[in-house]
>>> print(open('upload_35.tsv').read())   # TSV, C-alpha atoms
chain	number	residue	atom	x	y	z
A	1	MET	CA	193.11	111.00	-39.84
A	2	ARG	CA	192.81	114.32	-41.64
A	3	ASN	CA	196.09	115.45	-40.09
A	4	GLU	CA	197.72	112.21	-41.24
A	5	CYS	CA	196.49	112.63	-44.80
A	6	ARG	CA	197.59	116.25	-44.91
A	7	ALA	CA	201.04	115.26	-43.63
A	8	LEU	CA	201.42	112.61	-46.34
A	9	VAL	CA	200.38	115.04	-49.08
A	10	GLU	CA	202.78	117.70	-47.82
A	11	ALA	CA	205.57	115.09	-47.82
A	12	GLY	CA	204.96	114.42	-51.52
A	13	TYR	CA	202.79	111.31	-51.36
A	14	ALA	CA	199.57	110.85	-53.30
A	15	VAL	CA	196.78	109.81	-50.95
A	16	SER	CA	193.37	108.21	-51.37
A	17	VAL	CA	190.92	107.81	-48.49
A	18	ILE	CA	188.08	105.30	-48.26
A	19	CYS	CA	185.47	106.11	-45.61
A	20	PRO	CA	181.73	106.28	-44.87
A	21	LYS	CA	179.84	109.31	-46.09
A	22	GLU	CA	179.29	112.07	-43.56
A	23	THR	CA	175.90	112.89	-45.12
A	24	PRO	CA	173.76	110.85	-47.56
A	25	ASP	CA	174.13	113.49	-50.30
A	26	GLU	CA	177.93	113.49	-50.18
A	27	VAL	CA	179.42	112.79	-53.61
A	28	ASP	CA	181.12	109.43	-54.11
A	29	ARG	CA	184.49	110.94	-55.05
A	30	HIS	CA	185.87	114.33	-54.02
A	31	THR	CA	189.10	115.96	-52.89
A	32	ILE	CA	189.94	117.36	-49.43
A	33	ASP	CA	193.32	118.93	-48.63
A	34	GLY	CA	194.88	117.24	-51.64
A	35	ALA	CA	193.62	113.73	-50.74
A	36	VAL	CA	191.08	111.99	-52.97
A	37	VAL	CA	188.15	110.74	-50.89
A	38	TYR	CA	186.08	107.74	-51.99
A	39	SER	CA	183.02	107.50	-49.76
A	40	TYR	CA	180.15	105.05	-49.38
A	41	ASN	CA	176.79	104.91	-47.62
A	42	ALA	CA	177.22	103.12	-44.30
A	43	PRO	CA	174.38	101.42	-42.40
A	44	GLU	CA	172.57	103.26	-39.64
A	45	GLY	CA	174.10	103.16	-36.16
A	46	ALA	CA	174.28	99.64	-34.80
A	47	HIS	CA	172.41	98.36	-31.73
A	48	GLY	CA	173.03	94.78	-30.68
A	49	LEU	CA	175.34	92.04	-31.88
A	50	ALA	CA	173.51	91.24	-35.11
A	51	SER	CA	173.38	94.84	-36.29
A	52	TYR	CA	177.05	95.38	-35.39
A	53	ALA	CA	177.99	92.32	-37.45
A	54	ARG	CA	175.90	93.57	-40.37
A	55	GLU	CA	177.51	97.01	-40.18
A	56	PHE	CA	181.03	95.55	-40.10
A	57	VAL	CA	180.39	93.25	-43.06
A	58	ILE	CA	178.83	95.97	-45.21
A	59	CYS	CA	181.60	98.47	-44.43
A	60	TRP	CA	184.29	95.85	-45.12
A	61	LEU	CA	182.78	94.93	-48.49
A	62	GLN	CA	182.36	98.58	-49.47
A	63	THR	CA	185.96	99.30	-48.51
A	64	ALA	CA	187.22	96.28	-50.46
A	65	ARG	CA	185.22	97.39	-53.51
A	66	LEU	CA	186.59	100.91	-53.39
A	67	SER	CA	190.15	99.71	-52.84
A	68	LEU	CA	189.87	97.96	-56.20
A	69	ARG	CA	188.61	101.18	-57.77
A	70	VAL	CA	191.47	103.19	-56.27
A	71	ASN	CA	194.03	100.68	-57.52
A	72	GLN	CA	192.47	100.66	-60.97
A	73	GLU	CA	192.79	104.42	-61.25
A	74	GLN	CA	196.40	104.42	-60.02
A	75	PRO	CA	198.17	101.49	-58.35
A	76	PHE	CA	199.06	102.11	-54.72
A	77	ASP	CA	201.92	100.85	-52.54
A	78	VAL	CA	200.55	100.93	-49.01
A	79	LEU	CA	197.15	100.19	-47.54
A	80	GLN	CA	196.59	101.77	-44.14
A	81	ALA	CA	193.59	100.71	-42.05
A	82	CYS	CA	192.31	102.05	-38.76
A	83	ASN	CA	190.26	100.30	-36.11
A	84	PRO	CA	187.70	99.66	-34.68
A	85	PRO	CA	186.80	97.07	-35.79
A	86	ASP	CA	189.81	94.77	-36.15
A	87	THR	CA	188.53	93.25	-39.38
A	88	TYR	CA	190.54	94.99	-42.10
A	89	TRP	CA	193.52	92.69	-41.59
A	90	LEU	CA	191.88	90.33	-44.12
A	91	LEU	CA	191.80	93.08	-46.74
A	92	GLY	CA	195.41	93.87	-45.91
A	93	ALA	CA	196.35	90.20	-46.31
A	94	LEU	CA	194.64	90.03	-49.73
A	95	TRP	CA	196.50	93.11	-50.96
A	96	LYS	CA	199.78	91.77	-49.57
A	97	LEU	CA	199.35	88.84	-51.97
A	98	ARG	CA	199.70	91.48	-54.70
A	99	GLY	CA	202.87	92.90	-53.20
A	100	ARG	CA	201.41	95.81	-51.20
A	101	SER	CA	202.37	96.78	-47.68
A	102	TYR	CA	199.81	96.91	-44.85
A	103	VAL	CA	199.92	99.51	-42.07
A	104	PHE	CA	197.68	99.10	-39.04
A	105	ASP	CA	196.83	102.46	-37.43
A	106	GLN	CA	195.49	101.38	-34.03
A	107	HIS	CA	192.95	103.76	-32.53
A	108	ASP	CA	191.45	101.47	-29.88
A	109	LEU	CA	192.16	98.33	-27.88
A	110	CYS	CA	188.99	96.51	-28.95
A	111	PRO	CA	189.08	93.73	-26.31
A	112	GLU	CA	189.50	96.34	-23.55
A	113	VAL	CA	186.74	98.50	-25.05
A	114	PHE	CA	184.39	95.49	-24.94
A	115	GLU	CA	185.29	94.76	-21.31
A	116	ALA	CA	184.88	98.42	-20.30
A	117	ARG	CA	181.54	98.72	-22.07
A	118	PHE	CA	179.93	95.45	-21.02
A	119	GLY	CA	181.83	94.59	-17.84
A	120	THR	CA	182.51	91.03	-18.93
A	121	LYS	CA	184.80	88.90	-21.11
A	122	GLY	CA	183.54	85.56	-22.39
A	123	LEU	CA	183.36	84.25	-25.94
A	124	LEU	CA	183.03	87.59	-27.74
A	125	HIS	CA	186.03	88.96	-25.84
A	126	ARG	CA	188.10	85.97	-26.94
A	127	GLY	CA	186.96	86.54	-30.50
A	128	LEU	CA	188.14	90.15	-30.34
A	129	LEU	CA	191.53	88.98	-29.08
A	130	LEU	CA	191.80	86.63	-32.06
A	131	LEU	CA	190.92	89.42	-34.51
A	132	GLU	CA	193.47	91.69	-32.86
A	133	ALA	CA	196.14	88.97	-33.05
A	134	ALA	CA	195.43	88.48	-36.77
A	135	THR	CA	195.72	92.23	-37.34
A	136	TYR	CA	199.09	92.41	-35.59
A	137	ARG	CA	200.35	89.37	-37.47
A	138	VAL	CA	199.42	90.69	-40.94
A	139	ALA	CA	200.62	94.27	-40.40
A	140	ASP	CA	203.97	95.32	-41.83
A	141	ARG	CA	203.93	98.30	-39.47
A	142	VAL	CA	201.81	99.13	-36.41
A	143	ILE	CA	201.12	102.78	-35.59
A	144	ALA	CA	200.21	103.23	-31.92
A	145	PRO	CA	198.59	106.40	-30.52
A	146	ASN	CA	200.71	106.33	-27.34
A	147	PRO	CA	203.46	104.31	-25.63
A	148	GLU	CA	200.90	102.19	-23.74
A	149	TYR	CA	199.35	100.91	-26.97
A	150	ARG	CA	202.78	100.33	-28.47
A	151	GLN	CA	203.73	98.19	-25.49
A	152	MET	CA	200.54	96.19	-25.95
A	153	ALA	CA	201.45	95.55	-29.61
A	154	ILE	CA	204.91	94.38	-28.56
A	155	GLU	CA	203.83	92.22	-25.62
A	156	ARG	CA	200.39	90.86	-26.51
A	157	GLY	CA	200.76	91.16	-30.27
A	158	ARG	CA	204.41	90.01	-30.37
A	159	VAL	CA	205.18	92.72	-32.93
A	160	PRO	CA	208.93	93.48	-33.17
A	161	ILE	CA	209.62	96.94	-31.79
A	162	GLU	CA	211.25	98.05	-35.06
A	163	ARG	CA	207.90	97.48	-36.81
A	164	THR	CA	206.08	99.84	-34.45
A	165	ALA	CA	205.85	103.62	-34.16
A	166	VAL	CA	204.09	106.02	-31.80
A	167	VAL	CA	202.05	108.71	-33.56
A	168	MET	CA	199.80	110.55	-31.14
A	169	SER	CA	196.58	112.18	-32.28
A	170	THR	CA	197.59	115.60	-31.03
A	171	PRO	CA	196.33	119.05	-32.03
A	172	ASP	CA	198.03	121.43	-34.42
A	173	PRO	CA	198.65	124.37	-32.06
A	174	ASP	CA	198.39	126.81	-34.96
A	175	LEU	CA	194.88	125.60	-35.77
A	176	MET	CA	193.54	124.72	-32.31
A	177	LYS	CA	193.93	127.55	-29.82
A	178	ARG	CA	191.91	129.76	-27.52
A	179	GLU	CA	190.06	132.51	-29.37
A	180	GLN	CA	187.49	135.09	-28.38
A	181	SER	CA	185.27	134.17	-25.42
A	182	HIS	CA	181.50	133.89	-25.86
A	183	PRO	CA	179.92	134.87	-22.52
A	184	GLU	CA	176.41	133.94	-23.68
A	185	LEU	CA	177.44	130.28	-23.52
A	186	ARG	CA	177.71	130.56	-19.74
A	187	GLY	CA	173.93	130.63	-19.49
A	188	ASN	CA	173.90	133.68	-17.19
A	189	ARG	CA	176.23	131.92	-14.75
A	190	GLU	CA	179.64	133.09	-13.58
A	191	PHE	CA	181.54	129.97	-14.65
A	192	LEU	CA	181.44	127.45	-17.48
A	193	VAL	CA	182.60	123.83	-17.12
A	194	CYS	CA	182.76	121.65	-20.25
A	195	TYR	CA	182.85	117.96	-21.07
A	196	VAL	CA	183.80	116.99	-24.63
A	197	GLY	CA	183.50	113.46	-25.98
A	198	ILE	CA	181.51	110.34	-26.66
A	199	MET	CA	178.63	109.47	-24.34
A	200	GLY	CA	178.65	105.69	-24.02
A	201	PRO	CA	178.44	103.36	-21.04
A	202	GLN	CA	182.24	103.37	-20.62
A	203	ASP	CA	182.80	107.14	-20.77
A	204	GLY	CA	181.84	108.16	-17.23
A	205	VAL	CA	179.32	110.86	-18.14
A	206	ASP	CA	176.89	109.28	-15.66
A	207	SER	CA	179.52	109.84	-12.95
A	208	LEU	CA	179.90	113.43	-14.13
A	209	LEU	CA	176.16	114.01	-13.68
A	210	ALA	CA	176.43	112.58	-10.16
A	211	ALA	CA	179.29	115.02	-9.49
A	212	ILE	CA	177.22	117.94	-10.85
A	213	ASP	CA	174.38	116.80	-8.59
A	214	ALA	CA	176.74	116.93	-5.61
A	215	TYR	CA	178.12	120.30	-6.77
A	216	VAL	CA	174.67	121.88	-6.94
A	217	HIS	CA	172.73	120.10	-4.19
A	218	GLU	CA	175.46	119.24	-1.66
A	219	VAL	CA	178.18	121.84	-2.11
A	220	GLY	CA	175.41	124.34	-2.81
A	221	ARG	CA	176.98	126.17	-5.75
A	222	LEU	CA	174.52	127.66	-8.23
A	223	ASP	CA	176.98	129.87	-10.12
A	224	THR	CA	178.23	127.39	-12.73
A	225	HIS	CA	176.90	126.20	-16.07
A	226	PHE	CA	177.90	122.74	-17.30
A	227	ALA	CA	178.04	122.03	-21.04
A	228	LEU	CA	178.23	118.41	-22.20
A	229	LEU	CA	179.40	118.37	-25.82
A	230	GLY	CA	179.03	115.18	-27.81
A	231	PHE	CA	176.78	112.24	-28.55
A	232	GLY	CA	176.63	108.48	-28.13
A	233	ASP	CA	174.52	105.48	-27.24
A	234	SER	CA	173.80	106.78	-23.75
A	235	LEU	CA	172.79	110.36	-24.64
A	236	GLU	CA	169.04	109.96	-24.15
A	237	GLU	CA	169.52	108.00	-20.94
A	238	LEU	CA	171.88	110.70	-19.61
A	239	GLN	CA	169.41	113.45	-20.49
A	240	ALA	CA	166.71	111.62	-18.57
A	241	ASP	CA	169.06	111.17	-15.60
A	242	CYS	CA	169.85	114.89	-15.69
A	243	THR	CA	166.15	115.71	-15.47
A	244	ARG	CA	165.63	113.17	-12.68
A	245	ARG	CA	168.41	114.84	-10.70
A	246	ARG	CA	166.78	118.28	-11.22
A	247	LEU	CA	169.84	119.61	-13.03
A	248	ASP	CA	168.36	120.85	-16.32
A	249	GLU	CA	168.76	124.47	-15.15
A	250	TRP	CA	172.54	124.01	-14.90
A	251	VAL	CA	173.31	121.52	-17.67
A	252	THR	CA	173.24	121.83	-21.48
A	253	PHE	CA	173.59	118.83	-23.80
A	254	THR	CA	174.77	120.19	-27.15
A	255	GLY	CA	174.79	116.97	-29.16
A	256	ARG	CA	177.33	116.65	-31.98
A	257	VAL	CA	179.41	119.80	-32.56
A	258	ASP	CA	181.79	120.72	-35.37
A	259	HIS	CA	185.31	122.07	-34.87
A	260	GLU	CA	184.16	125.69	-35.00
A	261	GLU	CA	181.48	125.16	-32.36
A	262	LEU	CA	183.90	123.18	-30.20
A	263	GLY	CA	186.32	126.09	-30.34
A	264	ARG	CA	183.63	128.54	-29.20
A	265	TRP	CA	182.79	126.46	-26.12
A	266	LEU	CA	186.38	125.71	-25.15
A	267	SER	CA	187.46	129.32	-25.71
A	268	THR	CA	184.88	130.24	-23.06
A	269	ALA	CA	185.31	127.35	-20.61
A	270	ASP	CA	186.90	127.79	-17.18
A	271	ILE	CA	187.43	124.06	-16.59
A	272	GLY	CA	187.37	120.89	-18.71
A	273	ILE	CA	186.28	117.56	-17.22
A	274	ILE	CA	187.65	114.05	-17.86
A	275	PRO	CA	185.31	111.69	-15.95
A	276	ASP	CA	186.31	108.40	-17.63
A	277	PRO	CA	186.25	105.69	-14.93
A	278	PRO	CA	189.38	103.72	-13.94
A	279	CYS	CA	189.67	100.56	-16.03
A	280	GLU	CA	192.38	98.95	-18.12
A	281	PHE	CA	191.17	100.55	-21.34
A	282	ASN	CA	191.00	104.07	-19.90
A	283	GLN	CA	194.31	103.67	-18.07
A	284	ARG	CA	196.03	102.97	-21.41
A	285	SER	CA	194.12	105.37	-23.67
A	286	THR	CA	194.85	108.97	-24.63
A	287	MET	CA	191.65	110.99	-24.40
A	288	ASN	CA	191.40	113.48	-27.27
A	289	LYS	CA	189.57	115.86	-24.95
A	290	THR	CA	192.65	116.04	-22.70
A	291	LEU	CA	194.70	117.51	-25.53
A	292	GLU	CA	191.85	119.70	-26.79
A	293	TYR	CA	191.44	121.25	-23.35
A	294	MET	CA	195.17	121.89	-23.11
A	295	ALA	CA	195.31	123.44	-26.60
A	296	HIS	CA	192.52	125.85	-25.60
A	297	GLU	CA	194.23	126.70	-22.29
A	298	VAL	CA	191.49	125.08	-20.22
A	299	PRO	CA	192.49	123.71	-16.77
A	300	ILE	CA	191.38	120.13	-16.21
A	301	VAL	CA	189.73	118.10	-13.46
A	302	ALA	CA	190.38	114.46	-14.38
A	303	THR	CA	190.10	110.93	-13.14
A	304	ASP	CA	193.62	109.84	-12.18
A	305	LEU	CA	194.54	107.61	-15.14
A	306	ARG	CA	198.09	106.72	-16.21
A	307	GLU	CA	197.89	108.02	-19.76
A	308	THR	CA	195.90	111.12	-18.80
A	309	ARG	CA	198.53	112.00	-16.20
A	310	ARG	CA	201.34	111.43	-18.72
A	311	CYS	CA	199.73	113.86	-21.17
A	312	ALA	CA	198.29	116.53	-18.89
A	313	ALA	CA	200.93	116.46	-16.12
A	314	ASP	CA	200.41	119.59	-13.99
A	315	ALA	CA	197.69	120.98	-16.26
A	316	ALA	CA	195.14	118.88	-14.35
A	317	VAL	CA	193.80	118.25	-10.86
A	318	TYR	CA	193.30	114.52	-10.33
A	319	VAL	CA	190.48	112.73	-8.50
A	320	SER	CA	189.79	109.07	-7.81
A	321	GLY	CA	186.74	108.83	-10.08
A	322	PHE	CA	184.81	106.87	-7.44
A	323	ASP	CA	183.38	109.70	-5.29
A	324	PRO	CA	181.09	112.32	-6.92
A	325	THR	CA	181.48	114.65	-3.96
A	326	GLU	CA	185.29	114.53	-4.28
A	327	THR	CA	184.98	115.60	-7.92
A	328	ALA	CA	182.47	118.33	-7.04
A	329	VAL	CA	184.78	119.76	-4.37
A	330	ALA	CA	187.76	119.65	-6.75
A	331	ILE	CA	185.79	121.65	-9.33
A	332	SER	CA	184.67	124.13	-6.69
A	333	GLU	CA	188.14	124.67	-5.26
A	334	LEU	CA	189.71	125.14	-8.69
A	335	LEU	CA	187.08	127.67	-9.73
A	336	ASP	CA	187.83	129.60	-6.54
A	337	ASP	CA	191.56	129.75	-7.34
A	338	PRO	CA	192.06	131.91	-10.47
A	339	GLN	CA	195.84	132.02	-9.98
A	340	GLU	CA	196.09	128.22	-10.02
A	341	ARG	CA	193.87	128.05	-13.09
A	342	GLU	CA	196.08	130.57	-14.88
A	343	ARG	CA	199.18	128.52	-14.04
A	344	MET	CA	197.52	125.33	-15.35
A	345	GLU	CA	196.44	127.12	-18.53
A	346	HIS	CA	200.06	128.01	-19.32
A	347	VAL	CA	201.35	124.52	-18.46
A	348	GLY	CA	198.83	122.83	-20.76
A	349	ARG	CA	199.39	125.16	-23.70
A	350	ASP	CA	203.16	124.95	-23.34
A	351	ARG	CA	203.04	121.15	-23.46
A	352	ILE	CA	200.91	121.27	-26.61
A	353	GLU	CA	203.26	123.70	-28.33
A	354	HIS	CA	206.60	122.15	-27.38
A	355	GLU	CA	206.08	118.47	-26.46
A	356	LEU	CA	202.82	117.22	-27.96
A	357	ALA	CA	202.35	119.29	-31.12
A	358	TRP	CA	201.09	117.49	-34.21
A	359	GLN	CA	204.13	118.65	-36.19
A	360	ILE	CA	206.30	116.43	-33.97
A	361	GLN	CA	203.98	113.46	-34.48
A	362	ALA	CA	203.83	114.05	-38.24
A	363	ASP	CA	207.56	113.42	-38.56
A	364	ASN	CA	207.12	110.01	-36.89
A	365	TYR	CA	204.17	109.22	-39.13
A	366	ILE	CA	205.90	110.11	-42.39
A	367	GLY	CA	208.89	108.07	-41.25
A	368	VAL	CA	206.73	104.91	-41.31
A	369	PHE	CA	205.94	105.38	-45.01
A	370	ASP	CA	209.43	106.51	-45.96
A	371	ASP	CA	210.78	103.34	-44.36
A	372	LEU	CA	208.32	101.13	-46.23
A	373	MET	CA	209.02	102.87	-49.54
A	374	SER	CA	212.78	102.55	-49.16
A	375	ALA	CA	212.38	98.83	-48.51
A	376	SER	CA	209.99	98.26	-51.43
A	377	PRO	CA	211.40	97.04	-54.75
A	378	GLU	CA	208.56	98.76	-56.65
A	379	VAL	CA	207.55	102.30	-55.87
A	380	HIS	CA	204.26	103.71	-57.10
A	381	PRO	CA	203.19	107.26	-56.22
A	382	LEU	CA	199.99	106.43	-54.33
A	383	PRO	CA	199.91	105.19	-50.75
A	384	SER	CA	196.25	104.66	-49.85
A	385	ALA	CA	194.64	105.16	-46.45
A	386	THR	CA	191.36	103.66	-45.28
>>> encode(input="upload_35.tsv", output="structure tokens")
Amino acid sequence: MRNECRALVEAGYAVSVICPKETPDEVDRHTIDGAVVYSYNAPEGAHGLASYAREFVICWLQTARLSLRVNQEQPFDVLQACNPPDTYWLLGALWKLRGRSYVFDQHDLCPEVFEARFGTKGLLHRGLLLLEAATYRVADRVIAPNPEYRQMAIERGRVPIERTAVVMSTPDPDLMKREQSHPELRGNREFLVCYVGIMGPQDGVDSLLAAIDAYVHEVGRLDTHFALLGFGDSLEELQADCTRRRLDEWVTFTGRVDHEELGRWLSTADIGIIPDPPCEFNQRSTMNKTLEYMAHEVPIVATDLRETRRCAADAAVYVSGFDPTETAVAISELLDDPQERERMEHVGRDRIEHELAWQIQADNYIGVFDDLMSASPEVHPLPSAT
């Protein structure tokens, strides 16, 4: 989102952002990279259906309130909303009654996320499909993060192809690149293997721990430190599982890390891991960590998923995702082959610089707004993003 806002500002648009506060003491209105940020206090992290519903309602009402404030200060032309959840279509519909355009920036397939997380469909799944359908129907333009999501908007959402655009969330190669290594992060081991990402039931970190268990206790390799960067609902459970497997000596859970800390770890890593299990959601989704590994010239061991293979190509070694020992052996063999790792490093970085760079995506993104502005009878100087 920050890249999107920066691209709009650089293209001459005025931008306002409505979002939850990062910290409780964050000021209500401030400016970042030329965009005016209006922030609100969001509820604590949700656990269970009732608390999720409460969180969604409060965030929706806060966003609606601040959209009125933004418009009062300077009328805007376009309201952009991101998911999850698929609830901001109603706000978009209300603003469309006042002649504004609505752009849906789709970050997740919510019905597939639900199925991947809970392993079931049922009434709630059908409800998510209805919310998604309403979002597609209200949107004047749909921004998809990859071709798979775009196809879903066209087929399931019945959105005309001319109202869709693919804008991948890719790194800026000038800002995200391999820097100086930090050997102390290896924990006195020869190699460092990193996982970056959310730690929820659908993210496969439990399978990664099983693979590390096989790596240490079956393959018998004691020369590698594993760093798991990130947080999520399953973090405490995963830490307990790590201890149960007698892996604490080889595994570090960092918790949430900022961009600077992420760069330190990935500038030191020998391999990056993508353990997300095969399911419809993961098959269709672009993992940010895939692109972050490639930008930092980190070879990848990944579950063989359609979208991961499309992005990483030959910068990754692919495994089934069902056999921890298979993953452990793949890690071991790649660590023992420095020439292959060097080749994969170059392949990944080259793809980031010449095929997947943010600058390429930014042109597609700005094109969505330019198209809407050229079609609008009234042009105000302030597109607004939420």
>>> closest_residue(input="upload_35.tsv", among="A:Cys279, A:Leu235, A:Val9, A:Val329", to="Gln202 (chain A)", atoms="only C-alpha atoms")
A:Cys279
>>> axis_aligned_box(input="upload_35.tsv", around="region 301-311 of chain A", padding_each_side="8 Å", output="AutoDock Vina command-line options")
--center_x 195.5 --center_y 112.4 --center_z -16.7 --size_x 27.6 --size_y 27.4 --size_z 25.0
>>> residues_around(input="upload_35.tsv", residues="Met1 (chain A)", least_positions_apart="6", cutoff="12 Å", atoms="all atoms listed in the file", output="JSON, numbers by chain")
{"A": [7, 8, 15, 16, 17, 18, 19, 32, 33, 35, 80, 81, 82, 83, 105, 106, 107, 145, 167, 168, 169, 170, 171, 358, 362, 365, 385, 386]}
>>> atom_distance(input="upload_35.tsv", atom1="CA of Met176 (chain A)", atom2="CA of Ala295 (chain A)")
6.1 Å
>>> residues_near_point(input="upload_35.tsv", point="(178.6, 114.8, -15.3)", cutoff="10 Å", atoms="all atoms listed in the file", output="VMD selection string")
chain A and resid 194 to 195 204 to 213 226 to 228 238 242 251 273 to 275 324 327 to 328
>>> closest_residue(input="upload_35.tsv", among="A:Pro24, A:Gly348, A:Gly92, A:Pro299", to="Ile331 (chain A)", atoms="only C-alpha atoms")
A:Pro299
>>> residues_near_point(input="upload_35.tsv", point="(192.8, 89.6, -40.5)", cutoff="10 Å", atoms="only C-alpha atoms", output="short mmCIF file (atom, residue, chain, number, x, y, z; two decimals) with C-alpha atoms, keeping the file's coordinate frame")
data_model
loop_
_atom_site.label_atom_id
_atom_site.label_comp_id
_atom_site.auth_asym_id
_atom_site.auth_seq_id
_atom_site.Cartn_x
_atom_site.Cartn_y
_atom_site.Cartn_z
CA ASP A 86 189.81 94.77 -36.15
CA THR A 87 188.53 93.25 -39.38
CA TYR A 88 190.54 94.99 -42.10
CA TRP A 89 193.52 92.69 -41.59
CA LEU A 90 191.88 90.33 -44.12
CA LEU A 91 191.80 93.08 -46.74
CA GLY A 92 195.41 93.87 -45.91
CA ALA A 93 196.35 90.20 -46.31
CA LEU A 94 194.64 90.03 -49.73
CA LEU A 130 191.80 86.63 -32.06
CA LEU A 131 190.92 89.42 -34.51
CA GLU A 132 193.47 91.69 -32.86
CA ALA A 133 196.14 88.97 -33.05
CA ALA A 134 195.43 88.48 -36.77
CA THR A 135 195.72 92.23 -37.34
CA TYR A 136 199.09 92.41 -35.59
CA ARG A 137 200.35 89.37 -37.47
CA VAL A 138 199.42 90.69 -40.94
CA ALA A 139 200.62 94.27 -40.40
#
>>> atom_distance(input="upload_35.tsv", atom1="CA of Thr286 (chain A)", atom2="CA of Pro111 (chain A)")
16.4 Å
>>> atom_distance(input="upload_35.tsv", atom1="CA of Glu190 (chain A)", atom2="CA of Leu247 (chain A)")
16.7 Å
>>> closest_residue(input="upload_35.tsv", among="A:Asp336, A:Gln72, A:Ala315, A:Val298", to="Asp223 (chain A)", atoms="all atoms listed in the file")
A:Asp336
>>> closest_residue(input="upload_35.tsv", among="A:Tyr38, A:Phe191, A:Tyr52, A:Phe281", to="Thr268 (chain A)", atoms="only C-alpha atoms")
A:Phe191
>>> closest_residue(input="upload_35.tsv", among="A:Ile143, A:Ile360, A:Cys5, A:Val196", to="Gly34 (chain A)", atoms="only C-alpha atoms")
A:Cys5
>>> closest_residue(input="upload_35.tsv", among="A:Gly220, A:Gly200, A:Pro183, A:Gly255", to="Asp270 (chain A)", atoms="all atoms listed in the file")
A:Pro183
>>> residues_around(input="upload_35.tsv", residues="Arg309 (chain A)", least_positions_apart="4", cutoff="12 Å", atoms="only C-alpha atoms", output="PDB file with C-alpha atoms, in the frame of the given file")
ATOM      1  CA  ILE A 274     187.650 114.050 -17.860  1.00  0.00           C
ATOM      2  CA  ASN A 282     191.000 104.070 -19.900  1.00  0.00           C
ATOM      3  CA  GLN A 283     194.310 103.670 -18.070  1.00  0.00           C
ATOM      4  CA  ARG A 284     196.030 102.970 -21.410  1.00  0.00           C
ATOM      5  CA  SER A 285     194.120 105.370 -23.670  1.00  0.00           C
ATOM      6  CA  THR A 286     194.850 108.970 -24.630  1.00  0.00           C
ATOM      7  CA  MET A 287     191.650 110.990 -24.400  1.00  0.00           C
ATOM      8  CA  THR A 290     192.650 116.040 -22.700  1.00  0.00           C
ATOM      9  CA  LEU A 291     194.700 117.510 -25.530  1.00  0.00           C
ATOM     10  CA  ILE A 300     191.380 120.130 -16.210  1.00  0.00           C
ATOM     11  CA  VAL A 301     189.730 118.100 -13.460  1.00  0.00           C
ATOM     12  CA  ALA A 302     190.380 114.460 -14.380  1.00  0.00           C
ATOM     13  CA  THR A 303     190.100 110.930 -13.140  1.00  0.00           C
ATOM     14  CA  ASP A 304     193.620 109.840 -12.180  1.00  0.00           C
ATOM     15  CA  LEU A 305     194.540 107.610 -15.140  1.00  0.00           C
ATOM     16  CA  ALA A 313     200.930 116.460 -16.120  1.00  0.00           C
ATOM     17  CA  ASP A 314     200.410 119.590 -13.990  1.00  0.00           C
ATOM     18  CA  ALA A 315     197.690 120.980 -16.260  1.00  0.00           C
ATOM     19  CA  ALA A 316     195.140 118.880 -14.350  1.00  0.00           C
ATOM     20  CA  VAL A 317     193.800 118.250 -10.860  1.00  0.00           C
ATOM     21  CA  TYR A 318     193.300 114.520 -10.330  1.00  0.00           C
ATOM     22  CA  VAL A 319     190.480 112.730  -8.500  1.00  0.00           C
ATOM     23  CA  GLY A 348     198.830 122.830 -20.760  1.00  0.00           C
TER      24      GLY A 348
END
>>> residues_around(input="upload_35.tsv", residues="region 150-153 of chain A", least_positions_apart="6", cutoff="7 Å", atoms="all atoms listed in the file", output="list in words")
Ala144, Val159, Thr164 and Val166 of chain A
